[in-house]
Amino acid sequence: MFTFASNADGTIIHVHEWAPAVPPRGIVQISHGMGEHAARYAPLAGTLSEAGFADYADDHRGHGHSVADTAGDLGEGGWEALVDDMVQLSGLAGDRHPGLPLVLVGHSLGSFASQQYILGHSGDVAAVALSGTTALDALLPHMAGDDSGGSVLAALNRPFEPARTDFDWLSRDEAQVNAYIADPWCGFDLAPAALGELFDAADRWTDTSSVRPDLPIYVFVGTQDPINGGLTFSDILVQRYRDSGHAVTYRTYPGGRHEILNETNRDEVEADLLAWIDGVI
């Protein structure tokens, strides 16, 4: 692990790294979701490093080792800073491995940050993969009337009630859900101010015309992921990219829930992602 001071405001960002045993042939930058941390992606990073990729994943500000005060608190202007931190990490990874292509893989909140990242920095990456993603602006009106006490995570579990746990929406794999619940660095919402900034930013992502037209995009989601509304909202996202001339590979996994990389068929999901990365670089 190493750290860097955010160019946005000096926040210390902690970065996990996984090095291949041979000289790397590419870089994969992983951007994790809300209420979790980068170390949860060690299995994916292990698969990618075995395939020859140098992998980097920051604990986003307000998460994991990068919590400055309270978990979920991104600080003033924190959403924009979180995306800027990702851009900064891409530059650091590129400096360590000059000339190698960098693939950005974002999950959930990390996929939203990736959607914003490529609006202004698509030239910095060779490709982008979005997991557990959606058209957030289309989802928000459907969540507005939920009465789950203001908790985003509680609202997402509602389609699975009566549920075994409050986090059944994450995966059909009970062991994975149990591990998430037992992890003291998981299971929290963003602070209200940060959620407000995120939701306000979502409207900007609807115009994808600034993303370079030859950027390969991979969207992979489960059909039972509650943020997709039965794929309705991920369909909208994919169509937006296609309408602006982008080639999108769209993979949907029947029965899969939100954390498709921690699902019962995660070996298949990882293999498909690796095959796509191989193809685009």
# chains A, B, ... in the order shown; residues from 1 in each chain; ligands from 1
$ select_by_dssp --residues "segment 112-204 of chain A" --states "helix (DSSP H, G or I)" --output "PyMOL selection string"
chain A and resi 112-124+136-143+152-160+168-170+174-182+192-204
$ residues_around --residues "segment 245-248 of chain A" --least-positions-apart "5" --cutoff "12 Å" --atoms "only C-alpha atoms" --output "ChimeraX atom specification"
/A:127-130,208-220,234-235,237-240,276,280
$ closest_atom_pairs --of "segment 99-149 of chain A" --to "segment 64-81 of chain A" --cutoff "10 Å" --atoms "only C-alpha atoms" --output "JSON lines"
{"residue": "A:Ala113", "atom": "CA", "partner": "A:Trp79", "partner_atom": "CA", "distance": 8.3}
{"residue": "A:Gln116", "atom": "CA", "partner": "A:Glu80", "partner_atom": "CA", "distance": 9.1}
{"residue": "A:Tyr117", "atom": "CA", "partner": "A:Glu80", "partner_atom": "CA", "distance": 9.7}
$ residues_around --residues "Leu102 of chain A" --least-positions-apart "5" --cutoff "9 Å" --atoms "only C-alpha atoms" --output "short mmCIF file (atom, residue, chain, number, x, y, z; two decimals) with N, CA and C atoms, in the first residue's frame"
data_model
loop_
_atom_site.label_atom_id
_atom_site.label_comp_id
_atom_site.auth_asym_id
_atom_site.auth_seq_id
_atom_site.Cartn_x
_atom_site.Cartn_y
_atom_site.Cartn_z
N GLY A 26 -0.17 -4.37 -18.85
CA GLY A 26 -1.21 -3.36 -18.77
C GLY A 26 -1.50 -3.03 -17.32
N ILE A 27 -2.31 -2.03 -17.13
CA ILE A 27 -2.69 -1.56 -15.80
C ILE A 27 -4.20 -1.63 -15.67
N VAL A 28 -4.68 -2.08 -14.52
CA VAL A 28 -6.11 -2.03 -14.21
C VAL A 28 -6.28 -1.21 -12.94
N GLN A 29 -7.09 -0.19 -13.02
CA GLN A 29 -7.42 0.65 -11.86
C GLN A 29 -8.85 0.33 -11.45
N SER A 90 -4.63 7.55 -11.65
CA SER A 90 -4.30 7.08 -13.00
C SER A 90 -2.96 7.63 -13.46
N ALA A 93 -0.18 5.79 -11.59
CA ALA A 93 0.01 4.44 -12.12
C ALA A 93 0.71 4.49 -13.47
N GLY A 94 0.33 5.47 -14.29
CA GLY A 94 0.98 5.61 -15.59
C GLY A 94 2.44 5.97 -15.46
N ASP A 124 -7.29 9.45 -20.99
CA ASP A 124 -6.33 8.91 -20.03
C ASP A 124 -6.43 7.39 -19.90
N VAL A 125 -7.48 6.79 -20.44
CA VAL A 125 -7.69 5.36 -20.26
C VAL A 125 -7.89 4.67 -21.60
N ALA A 126 -7.50 3.39 -21.62
CA ALA A 126 -7.66 2.60 -22.84
C ALA A 126 -9.07 2.04 -22.97
N ALA A 127 -9.75 1.85 -21.82
CA ALA A 127 -11.09 1.27 -21.82
C ALA A 127 -11.68 1.46 -20.44
N VAL A 128 -13.00 1.33 -20.33
CA VAL A 128 -13.66 1.44 -19.03
C VAL A 128 -14.71 0.35 -18.91
N ILE A 281 -7.23 -4.41 -25.29
CA ILE A 281 -5.87 -3.86 -25.23
C ILE A 281 -4.94 -4.54 -26.22
#
$ closest_residue --among "A:His142, A:Asp84, A:Leu92, A:Ser49" --to "Thr3 of chain A" --atoms "only C-alpha atoms"
A:Leu92
$ residues_around --residues "Ala39 of chain A" --least-positions-apart "6" --cutoff "12 Å" --atoms "only C-alpha atoms" --output "PyMOL selection string"
chain A and resi 1+14-18+30-33+45-46+55-60+63-65+180+183+185-186
$ decode --residues "segment 100-113 of chain A" --atoms "C-alpha atoms" --output "short mmCIF file (atom, residue, chain, number, x, y, z; two decimals), in the first residue's frame"
data_model
loop_
_atom_site.label_atom_id
_atom_site.label_comp_id
_atom_site.auth_asym_id
_atom_site.auth_seq_id
_atom_site.Cartn_x
_atom_site.Cartn_y
_atom_site.Cartn_z
CA LEU A 100 1.16 0.67 -20.78
CA PRO A 101 -2.60 0.86 -21.41
CA LEU A 102 -4.80 1.55 -18.37
CA VAL A 103 -8.26 0.02 -17.99
CA LEU A 104 -10.62 1.59 -15.46
CA VAL A 105 -13.00 -0.82 -13.67
CA GLY A 106 -15.66 0.84 -11.52
CA HIS A 107 -18.32 -0.79 -9.35
CA SER A 108 -21.53 0.89 -8.16
CA LEU A 109 -20.48 4.26 -6.68
CA GLY A 110 -17.15 3.65 -8.40
CA SER A 111 -18.99 3.17 -11.68
CA PHE A 112 -20.74 6.52 -11.20
CA ALA A 113 -17.37 8.14 -10.54
#
